[in-house]
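A.B. asks: What follows is input_13.cif, mmCIF, C-alpha atoms.
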```cif
data_run
#
loop_
_atom_site.label_atom_id
_atom_site.label_comp_id
_atom_site.auth_asym_id
_atom_site.auth_seq_id
_atom_site.Cartn_x
_atom_site.Cartn_y
_atom_site.Cartn_z
CA ALA K 75 103.21 66.55 220.07
CA ALA K 76 100.05 65.42 218.30
CA PRO K 77 96.88 67.17 217.13
CA PRO K 78 94.25 67.08 219.90
CA SER K 79 92.12 64.36 218.31
CA LEU K 80 95.16 62.08 218.14
CA GLY K 81 96.03 62.05 221.83
CA THR K 82 97.92 64.00 224.46
CA ALA K 83 101.28 65.51 223.57
CA ARG K 84 104.09 64.38 225.85
CA LEU K 85 107.05 66.57 226.65
CA THR K 86 109.71 64.24 228.05
CA MET K 87 113.05 65.41 229.45
CA SER K 88 115.54 62.54 229.31
CA LEU K 89 119.12 62.55 230.56
CA LEU K 90 120.66 61.12 227.38
CA ILE K 91 123.96 62.97 227.00
CA ALA K 92 127.64 62.27 226.61
CA CYS K 93 130.08 65.13 227.13
CA LEU K 94 133.11 65.42 224.88
CA PRO K 95 136.20 67.54 225.70
CA LEU K 96 134.73 70.51 223.81
CA GLY K 97 131.44 70.22 225.65
CA LEU K 98 129.44 68.87 222.70
CA ALA K 99 126.82 66.16 223.06
CA THR K 100 126.86 62.95 221.04
CA ALA K 101 123.65 61.36 219.83
CA PRO K 102 122.65 58.04 221.41
CA ARG K 103 122.76 54.97 219.18
CA ALA K 104 119.17 54.08 219.98
CA PRO K 105 116.51 56.74 219.18
CA PRO K 106 114.89 58.51 222.14
CA SER K 107 111.16 59.04 222.43
CA PRO K 108 109.64 61.45 219.87
CA LEU K 109 109.92 64.44 222.18
CA ALA K 110 112.85 63.23 224.30
CA MET K 111 114.98 66.15 225.34
CA ALA K 112 118.74 65.88 225.70
CA THR K 113 120.55 68.78 227.32
CA MET K 114 123.77 69.61 225.54
CA ALA K 115 126.51 71.40 227.41
CA PRO K 116 127.97 74.33 225.43
CA PRO K 117 131.62 75.31 225.97
CA LEU K 118 130.63 78.43 227.91
CA ALA K 119 127.99 76.86 230.14
CA ARG K 120 128.55 74.62 233.13
CA VAL K 121 126.11 71.74 233.26
CA ALA K 122 125.19 70.55 236.74
CA MET K 123 123.41 67.25 236.15
CA SER K 124 121.82 65.10 238.82
CA ALA K 125 124.03 62.23 240.03
CA SER K 126 127.06 64.05 238.55
CA ALA K 127 126.25 62.55 235.17
CA VAL K 128 128.72 64.56 233.13
CA ASN K 129 130.90 61.65 232.13
CA LEU K 130 128.39 59.21 230.70
CA ASP K 131 129.99 56.76 228.30
CA ALA K 132 128.32 55.32 225.21
CA ALA K 133 127.18 52.19 227.08
CA ALA K 134 125.38 54.26 229.70
CA VAL K 135 123.67 56.33 227.03
CA ASP K 136 122.56 53.18 225.20
CA ALA K 137 121.21 51.68 228.42
CA ALA K 138 119.22 54.82 229.20
CA ALA K 139 117.82 54.95 225.67
CA ALA K 140 116.85 51.27 225.78
CA ALA K 141 114.94 51.88 229.01
CA ALA K 142 112.91 54.71 227.48
CA VAL K 143 109.29 53.85 226.75
CA LEU K 144 108.37 54.84 223.22
CA PRO K 145 104.80 56.13 222.97
CA PRO K 146 102.78 55.04 219.94
CA THR K 147 103.18 57.21 216.86
CA PRO K 148 99.88 58.96 216.05
CA LYS K 149 98.21 57.79 212.86
CA THR K 150 97.78 60.65 210.42
CA ASN K 151 97.38 61.22 206.73
CA ALA K 152 97.98 64.08 204.32
CA VAL K 153 94.43 65.41 204.61
CA SER K 154 94.28 65.40 208.42
CA ARG K 155 97.68 67.04 208.67
CA LYS K 156 96.63 69.75 206.23
CA VAL K 157 93.36 70.45 208.06
CA PHE K 158 95.00 70.60 211.49
CA GLY K 159 97.87 72.69 210.13
CA ILE K 160 95.63 75.31 208.53
CA THR K 161 93.38 75.48 211.59
CA PHE K 162 96.34 75.91 213.91
CA ALA K 163 97.94 78.56 211.69
CA LEU K 164 94.73 80.62 211.67
CA LEU K 165 94.36 80.29 215.44
CA THR K 166 98.00 81.27 215.97
CA ALA K 167 97.55 84.39 213.83
CA LEU K 168 94.40 85.33 215.76
CA VAL K 169 96.05 84.97 219.16
CA VAL K 170 99.27 86.77 218.24
CA THR K 171 97.30 89.67 216.76
CA GLY K 172 95.36 90.02 220.00
CA ILE K 173 98.45 90.01 222.22
CA TYR K 174 100.66 92.23 220.05
CA PRO K 175 100.30 95.22 222.38
CA LEU K 176 101.94 92.99 225.03
CA VAL K 177 104.69 92.02 222.57
CA ILE K 178 105.47 95.68 221.86
CA SER K 179 105.34 96.63 225.55
CA ALA K 180 107.64 93.75 226.51
CA THR K 181 110.07 94.72 223.76
CA ILE K 182 110.28 98.34 224.92
CA TYR K 183 110.78 97.26 228.54
CA SER K 184 113.43 94.69 227.56
CA LYS K 185 115.40 97.15 225.44
CA LEU K 186 115.54 99.54 228.37
CA PHE K 187 116.23 97.13 231.23
CA ASP K 188 117.11 93.63 229.91
CA ASN K 189 118.43 93.98 226.39
CA GLU K 190 120.63 90.87 226.37
CA ARG K 191 118.11 88.35 227.64
CA ARG K 192 114.74 89.91 226.66
CA ARG K 193 113.10 87.83 229.39
CA ALA K 194 109.84 89.81 229.32
CA ASN K 195 109.45 88.78 225.67
CA ASP K 196 110.04 85.15 226.65
CA TYR K 197 107.16 85.24 229.14
CA VAL K 198 104.85 86.79 226.54
CA VAL K 199 105.80 84.00 224.12
CA GLN K 200 105.08 81.42 226.83
CA TRP K 201 101.63 82.88 227.46
CA TRP K 202 100.98 83.09 223.71
CA ALA K 203 101.91 79.42 223.22
CA ARG K 204 99.83 78.17 226.15
CA THR K 205 96.81 80.20 225.09
CA THR K 206 97.01 78.94 221.51
CA LEU K 207 97.31 75.28 222.54
CA THR K 208 94.46 75.63 225.02
CA LEU K 209 92.15 77.14 222.42
CA PHE K 210 93.20 74.45 219.95
CA GLY K 211 92.19 71.76 222.45
CA ALA K 212 95.68 70.28 222.76
CA LYS K 213 96.85 68.75 226.04
CA VAL K 214 100.50 68.58 227.04
CA ALA K 215 101.83 66.13 229.65
CA LEU K 216 105.18 67.16 231.15
CA GLU K 217 107.47 64.33 232.25
CA GLY K 218 111.04 64.14 233.56
CA GLN K 219 111.39 67.64 235.02
CA GLU K 220 113.90 66.24 237.51
CA ASN K 221 116.35 65.81 234.62
CA LEU K 222 116.41 69.51 233.79
CA PRO K 223 119.41 71.64 234.82
CA PRO K 224 118.86 74.48 237.33
CA PRO K 225 116.74 77.40 236.07
CA GLY K 226 119.73 79.76 235.84
CA GLU K 227 121.87 77.32 233.87
CA ALA K 228 122.55 78.22 230.21
CA VAL K 229 122.35 74.99 228.19
CA MET K 230 121.29 73.77 224.76
CA TYR K 231 118.16 71.64 224.43
CA VAL K 232 118.08 69.25 221.48
CA PRO K 233 114.53 67.93 220.93
CA ASN K 234 113.16 65.89 218.07
CA HIS K 235 110.73 67.63 215.71
CA CYS K 236 107.76 65.44 214.80
CA SER K 237 104.81 67.85 214.83
CA PHE K 238 103.83 71.45 214.20
CA LEU K 239 102.86 71.54 217.89
CA ASP K 240 106.42 70.89 219.09
CA ILE K 241 107.48 74.54 219.21
CA PHE K 242 104.36 75.67 221.03
CA SER K 243 104.59 72.74 223.48
CA LEU K 244 108.19 73.66 224.30
CA SER K 245 107.54 77.41 224.49
CA GLY K 246 104.44 77.02 226.60
CA PHE K 247 105.31 74.21 228.97
CA LEU K 248 109.06 73.71 229.28
CA PRO K 249 109.71 75.32 232.70
CA ARG K 250 112.80 77.16 231.44
CA ARG K 251 113.21 80.22 229.24
CA PHE K 252 115.24 79.87 226.05
CA LYS K 253 115.83 81.08 222.49
CA TYR K 254 115.32 79.07 219.31
CA ILE K 255 117.80 78.65 216.50
CA SER K 256 115.24 78.87 213.70
CA LYS K 257 115.36 78.85 209.94
CA ILE K 258 115.30 82.42 208.69
CA GLU K 259 112.04 81.91 206.79
CA ILE K 260 110.16 81.66 210.10
CA LEU K 261 111.48 85.02 211.31
CA ARG K 262 110.23 86.62 208.08
CA ILE K 263 106.59 85.72 208.79
CA PRO K 264 104.64 88.89 209.68
CA LEU K 265 103.76 89.27 213.37
CA VAL K 266 104.97 85.77 214.36
CA GLY K 267 108.48 86.20 212.98
CA TRP K 268 108.69 89.78 214.15
CA ALA K 269 107.83 88.69 217.70
CA MET K 270 110.62 86.09 217.55
CA GLY K 271 113.03 88.77 216.39
CA PHE K 272 112.00 91.07 219.23
CA ALA K 273 112.73 88.23 221.67
CA LYS K 274 116.20 87.73 220.12
CA HIS K 275 115.69 84.26 218.70
CA ILE K 276 118.48 83.37 216.27
CA ALA K 277 117.94 83.10 212.51
CA LEU K 278 119.71 80.54 210.32
CA ALA K 279 119.88 80.49 206.52
CA ARG K 280 120.53 76.80 206.12
CA THR K 281 122.16 77.00 202.68
CA ASP K 282 124.32 80.03 203.42
CA ARG K 283 127.77 79.30 204.89
CA LYS K 284 128.20 82.87 206.14
CA SER K 285 124.85 82.69 207.90
CA GLN K 286 125.88 79.45 209.61
CA LEU K 287 129.03 81.09 210.99
CA LYS K 288 127.03 84.14 212.08
CA THR K 289 124.51 81.86 213.80
CA LEU K 290 127.33 80.09 215.67
CA LYS K 291 128.70 83.42 216.89
CA GLU K 292 125.25 84.60 217.99
CA ALA K 293 124.63 81.29 219.76
CA VAL K 294 127.84 81.68 221.77
CA GLU K 295 126.94 85.26 222.66
CA THR K 296 123.42 84.38 223.79
CA LEU K 297 124.77 81.56 225.97
CA LYS K 298 127.26 83.98 227.53
CA ALA K 299 124.34 86.32 228.26
CA GLY K 300 122.65 83.52 230.23
CA ASN K 301 120.11 82.36 227.65
CA SER K 302 119.53 78.69 226.92
CA LEU K 303 119.05 77.56 223.33
CA VAL K 304 116.81 75.09 221.49
CA THR K 305 117.81 73.59 218.16
CA PHE K 306 116.31 70.69 216.22
CA PRO K 307 119.09 68.33 215.05
CA GLU K 308 116.86 66.77 212.37
CA GLY K 309 117.00 70.12 210.58
CA THR K 310 113.30 70.22 209.77
CA ARG K 311 109.94 68.90 210.95
CA SER K 312 108.95 65.33 210.17
CA LYS K 313 105.96 65.32 207.81
CA ASP K 314 104.55 62.00 209.05
CA GLY K 315 105.51 61.91 212.74
CA VAL K 316 108.40 59.50 212.19
CA LEU K 317 111.81 60.54 213.52
CA GLY K 318 114.28 61.83 210.93
CA SER K 319 117.86 60.63 210.70
#
```
Can you dump the structure from the file as structure tokens?
C.D. replies:
Amino acid sequence: AAPPSLGTARLTMSLLIACLPLGLATAPRAPPSPLAMATMAPPLARVAMSASAVNLDAAAVDAAAAAAVLPPTPKTNAVSRKVFGITFALLTALVVTGIYPLVISATIYSKLFDNERRRANDYVVQWWARTTLTLFGAKVALEGQENLPPPGEAVMYVPNHCSFLDIFSLSGFLPRRFKYISKIEILRIPLVGWAMGFAKHIALARTDRKSQLKTLKEAVETLKAGNSLVTFPEGTRSKDGVLGS
């Protein structure tokens, strides 16, 4: 995803997976497009892929990756990234403050009637993300929806993380509901982090071994409850739009 003056963000769902006996996905040898999405099948979730593509070998993955069209990387610099980042942060705070009555209402409803999935919170987050991106002037093009699993399928999405707009693009425009595995610092941010906690997104303290084990347990439980997950394998956001290793 790119700042609005640098082009249209593209959300691309690509079928670039290889299933191992334990249901884990291996990374392709060639890098996917900056927002290419690979669905990863967790042990407790059945993945029904088009064309029965659950036994892709490494050669098939490489061929699919080679066929992917890589969009040009937006040209940015430290100043432009700082300006866009501050502007977006202020706009995000403004929008979330305005919709917080909806956040609280959705949380109360979910605790009473849908405590495991908190789906009402997910829809509020989707509306929040779309509203923020619209006001920011960002455009999101959605490609490859045919590669997504069925709406009721609990899977793990593994996108790249090249922009501060990635999370809002996914939350607002991916036509599936899901929970993030997010670094714990994000969930400590007033209003924004609290809303994520209400929606049962999963916190991870990246340097704490106990937290990592707790996160794994919570991830399994949320998949069993029917929630999909999103995690960024690069571990952090790229500062210059170039894919991390």
A.B. asks: From the set K:Ser154, K:Phe187, K:Met270, K:Lys284, which residue has the shortest atom-to-atom contact distance to Trp202 of chain K, counting all atoms listed in the file?
C.D. replies: K:Met270
A.B. asks: Calculated over all atoms listed in the file, which of the candidates K:Gln200, K:Asn195, K:Thr205, K:Thr289 has the smallest distance to Leu168 of chain K?
C.D. replies: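 Of K:Gln200, K:Asn195, K:Thr205, K:Thr289, the one nearest Leu168 of chain K is K:Thr205, counting all atoms listed in the file.
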A.B. asks: Go ahead and compute the interatomic distance for atom CA of Gly300 of chain K and atom CA of Ser256 of chain K, in Å to one decimal.
C.D. replies: 18.7 Å
A.B. asks: Between atom CA of Ile258 of chain K and atom CA of Ala279 of chain K, what is the spacing in Å?
C.D. replies: 5.4 Å
A.B. asks: Identify all residues satisfying the PyMOL selection byres ((chain K and resi 293) around 10) in the given file; provide them as a ChimeraX atom specification.
C.D. replies: /K:116,230,253-255,275-276,287-292,294-299,301-303
A.B. asks: Would you mind exporting the chosen residues as a PDB file, in the frame of the given file, restricted to C-alpha atoms?
C.D. replies:
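selection-v1.pdb, freshly written:
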```pdb
ATOM      1  CA  PRO K 116     127.970  74.330 225.430  1.00  0.00           C
ATOM      2  CA  MET K 230     121.290  73.770 224.760  1.00  0.00           C
ATOM      3  CA  LYS K 253     115.830  81.080 222.490  1.00  0.00           C
ATOM      4  CA  TYR K 254     115.320  79.070 219.310  1.00  0.00           C
ATOM      5  CA  ILE K 255     117.800  78.650 216.500  1.00  0.00           C
ATOM      6  CA  HIS K 275     115.690  84.260 218.700  1.00  0.00           C
ATOM      7  CA  ILE K 276     118.480  83.370 216.270  1.00  0.00           C
ATOM      8  CA  LEU K 287     129.030  81.090 210.990  1.00  0.00           C
ATOM      9  CA  LYS K 288     127.030  84.140 212.080  1.00  0.00           C
ATOM     10  CA  THR K 289     124.510  81.860 213.800  1.00  0.00           C
ATOM     11  CA  LEU K 290     127.330  80.090 215.670  1.00  0.00           C
ATOM     12  CA  LYS K 291     128.700  83.420 216.890  1.00  0.00           C
ATOM     13  CA  GLU K 292     125.250  84.600 217.990  1.00  0.00           C
ATOM     14  CA  VAL K 294     127.840  81.680 221.770  1.00  0.00           C
ATOM     15  CA  GLU K 295     126.940  85.260 222.660  1.00  0.00           C
ATOM     16  CA  THR K 296     123.420  84.380 223.790  1.00  0.00           C
ATOM     17  CA  LEU K 297     124.770  81.560 225.970  1.00  0.00           C
ATOM     18  CA  LYS K 298     127.260  83.980 227.530  1.00  0.00           C
ATOM     19  CA  ALA K 299     124.340  86.320 228.260  1.00  0.00           C
ATOM     20  CA  ASN K 301     120.110  82.360 227.650  1.00  0.00           C
ATOM     21  CA  SER K 302     119.530  78.690 226.920  1.00  0.00           C
ATOM     22  CA  LEU K 303     119.050  77.560 223.330  1.00  0.00           C
TER      23      LEU K 303
END
```
A.B. asks: Tell me, as a count of residues only, which residues lie within 7 Å of segment 240-252 of chain K, counting all atoms listed in the file; anything in the same chain fewer than 2 positions away does not count.
C.D. replies: 17
A.B. asks: Report, in Å with one decimal, the straight-line distance from atom CA of Gly271 of chain K to atom CA of Ala212 of chain K.
C.D. replies: 26.1 Å
A.B. asks: For each of K:Asn234, K:Gln219, K:Thr281, K:Thr206, take the minimum atom-to-atom distance to Val170 of chain K, counting only C-alpha atoms, then give the residue where this is smallest.
C.D. replies: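 Once distances to Val170 of chain K are computed over only C-alpha atoms, the minimum belongs to K:Thr206.
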A.B. asks: Given the file shown, enumerate the residues that the PyMOL selection byres ((chain K and resi 162) around 10) captures and present them as a ChimeraX atom specification.
C.D. replies: /K:77,156-161,163-168,206-207,209-210,238-239
A.B. asks: Would you save the residues of that selection, restricted to C-alpha atoms, as a PDB file, keeping the file's coordinate frame?
C.D. replies:
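To be explicit, this is the file written out as again-v8.pdb:
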```pdb
ATOM      1  CA  PRO K  77      96.880  67.170 217.130  1.00  0.00           C
ATOM      2  CA  LYS K 156      96.630  69.750 206.230  1.00  0.00           C
ATOM      3  CA  VAL K 157      93.360  70.450 208.060  1.00  0.00           C
ATOM      4  CA  PHE K 158      95.000  70.600 211.490  1.00  0.00           C
ATOM      5  CA  GLY K 159      97.870  72.690 210.130  1.00  0.00           C
ATOM      6  CA  ILE K 160      95.630  75.310 208.530  1.00  0.00           C
ATOM      7  CA  THR K 161      93.380  75.480 211.590  1.00  0.00           C
ATOM      8  CA  ALA K 163      97.940  78.560 211.690  1.00  0.00           C
ATOM      9  CA  LEU K 164      94.730  80.620 211.670  1.00  0.00           C
ATOM     10  CA  LEU K 165      94.360  80.290 215.440  1.00  0.00           C
ATOM     11  CA  THR K 166      98.000  81.270 215.970  1.00  0.00           C
ATOM     12  CA  ALA K 167      97.550  84.390 213.830  1.00  0.00           C
ATOM     13  CA  LEU K 168      94.400  85.330 215.760  1.00  0.00           C
ATOM     14  CA  THR K 206      97.010  78.940 221.510  1.00  0.00           C
ATOM     15  CA  LEU K 207      97.310  75.280 222.540  1.00  0.00           C
ATOM     16  CA  LEU K 209      92.150  77.140 222.420  1.00  0.00           C
ATOM     17  CA  PHE K 210      93.200  74.450 219.950  1.00  0.00           C
ATOM     18  CA  PHE K 238     103.830  71.450 214.200  1.00  0.00           C
ATOM     19  CA  LEU K 239     102.860  71.540 217.890  1.00  0.00           C
TER      20      LEU K 239
END
```
A.B. asks: On this structure, which residues satisfy the PyMOL selection byres ((chain K and resi 269) around 9), written as a list in words?
C.D. replies: Val170, Tyr174, Val177, Ile178, Thr181, Asn195, Val199, Leu261, Pro264, Leu265, Val266, Gly267, Trp268, Met270, Gly271, Phe272, Ala273 and Lys274 of chain K
A.B. asks: List as an MDAnalysis selection string the protein and nucleic acid residues near Ser184 of chain K, meaning an atom at most 8 Å away when all atoms listed in the file are counted, but skip any in the same chain fewer than 6 places from it.
C.D. replies: chainID K and resid 191:195
A.B. asks: Could I get segment 215-246 of chain K rebuilt with N, CA and C atoms, written as a short mmCIF file (atom, residue, chain, number, x, y, z; two decimals), in the frame of the given file?
C.D. replies:
```
data_model
loop_
_atom_site.label_atom_id
_atom_site.label_comp_id
_atom_site.auth_asym_id
_atom_site.auth_seq_id
_atom_site.Cartn_x
_atom_site.Cartn_y
_atom_site.Cartn_z
N ALA K 215 101.40 66.78 228.41
CA ALA K 215 101.83 66.13 229.65
C ALA K 215 103.34 66.32 229.78
N LEU K 216 103.77 66.86 230.91
CA LEU K 216 105.18 67.16 231.15
C LEU K 216 105.78 66.07 232.03
N GLU K 217 106.84 65.42 231.53
CA GLU K 217 107.47 64.33 232.25
C GLU K 217 108.98 64.57 232.35
N GLY K 218 109.59 64.09 233.44
CA GLY K 218 111.04 64.14 233.56
C GLY K 218 111.62 65.46 233.94
N GLN K 219 110.86 66.32 234.64
CA GLN K 219 111.39 67.64 235.02
C GLN K 219 112.62 67.53 235.91
N GLU K 220 112.75 66.41 236.62
CA GLU K 220 113.90 66.24 237.51
C GLU K 220 115.21 66.15 236.74
N ASN K 221 115.14 65.91 235.44
CA ASN K 221 116.35 65.81 234.62
C ASN K 221 116.82 67.16 234.07
N LEU K 222 116.03 68.20 234.30
CA LEU K 222 116.41 69.51 233.79
C LEU K 222 117.52 70.12 234.65
N PRO K 223 118.41 70.90 234.04
CA PRO K 223 119.41 71.64 234.82
C PRO K 223 118.74 72.76 235.62
N PRO K 224 119.45 73.39 236.54
CA PRO K 224 118.86 74.48 237.33
C PRO K 224 118.35 75.60 236.43
N PRO K 225 117.35 76.35 236.90
CA PRO K 225 116.74 77.40 236.07
C PRO K 225 117.74 78.43 235.53
N GLY K 226 118.77 78.75 236.28
CA GLY K 226 119.73 79.76 235.84
C GLY K 226 120.83 79.23 234.96
N GLU K 227 120.80 77.96 234.64
CA GLU K 227 121.87 77.32 233.87
C GLU K 227 121.64 77.53 232.37
N ALA K 228 122.65 78.03 231.66
CA ALA K 228 122.55 78.22 230.21
C ALA K 228 122.99 76.94 229.52
N VAL K 229 122.05 76.26 228.86
CA VAL K 229 122.35 74.99 228.19
C VAL K 229 121.69 74.99 226.81
N MET K 230 121.96 73.95 226.04
CA MET K 230 121.29 73.77 224.76
C MET K 230 120.39 72.55 224.84
N TYR K 231 119.12 72.73 224.50
CA TYR K 231 118.16 71.64 224.43
C TYR K 231 118.07 71.15 222.99
N VAL K 232 118.06 69.83 222.82
CA VAL K 232 118.08 69.25 221.48
C VAL K 232 116.90 68.29 221.32
N PRO K 233 115.71 68.80 221.06
CA PRO K 233 114.53 67.93 220.93
C PRO K 233 114.36 67.41 219.50
N ASN K 234 113.58 66.35 219.39
CA ASN K 234 113.16 65.89 218.07
C ASN K 234 112.02 66.78 217.59
N HIS K 235 111.72 66.72 216.30
CA HIS K 235 110.73 67.63 215.71
C HIS K 235 109.78 66.83 214.85
N CYS K 236 108.69 66.35 215.48
CA CYS K 236 107.76 65.44 214.80
C CYS K 236 106.38 66.03 214.58
N SER K 237 106.15 67.28 214.95
CA SER K 237 104.81 67.85 214.83
C SER K 237 104.90 69.36 214.79
N PHE K 238 103.87 69.99 214.18
CA PHE K 238 103.83 71.45 214.20
C PHE K 238 103.49 71.99 215.58
N LEU K 239 103.12 71.11 216.52
CA LEU K 239 102.86 71.54 217.89
C LEU K 239 104.10 71.53 218.77
N ASP K 240 105.21 71.01 218.27
CA ASP K 240 106.42 70.89 219.09
C ASP K 240 106.87 72.24 219.66
N ILE K 241 106.96 73.23 218.79
CA ILE K 241 107.48 74.54 219.21
C ILE K 241 106.58 75.17 220.26
N PHE K 242 105.28 75.08 220.06
CA PHE K 242 104.36 75.67 221.03
C PHE K 242 104.35 74.88 222.33
N SER K 243 104.51 73.55 222.26
CA SER K 243 104.59 72.74 223.48
C SER K 243 105.82 73.12 224.29
N LEU K 244 106.96 73.26 223.61
CA LEU K 244 108.19 73.66 224.30
C LEU K 244 108.07 75.07 224.87
N SER K 245 107.62 76.01 224.05
CA SER K 245 107.54 77.41 224.49
C SER K 245 106.57 77.58 225.63
N GLY K 246 105.47 76.83 225.60
CA GLY K 246 104.44 77.02 226.60
C GLY K 246 104.63 76.25 227.88
#
```
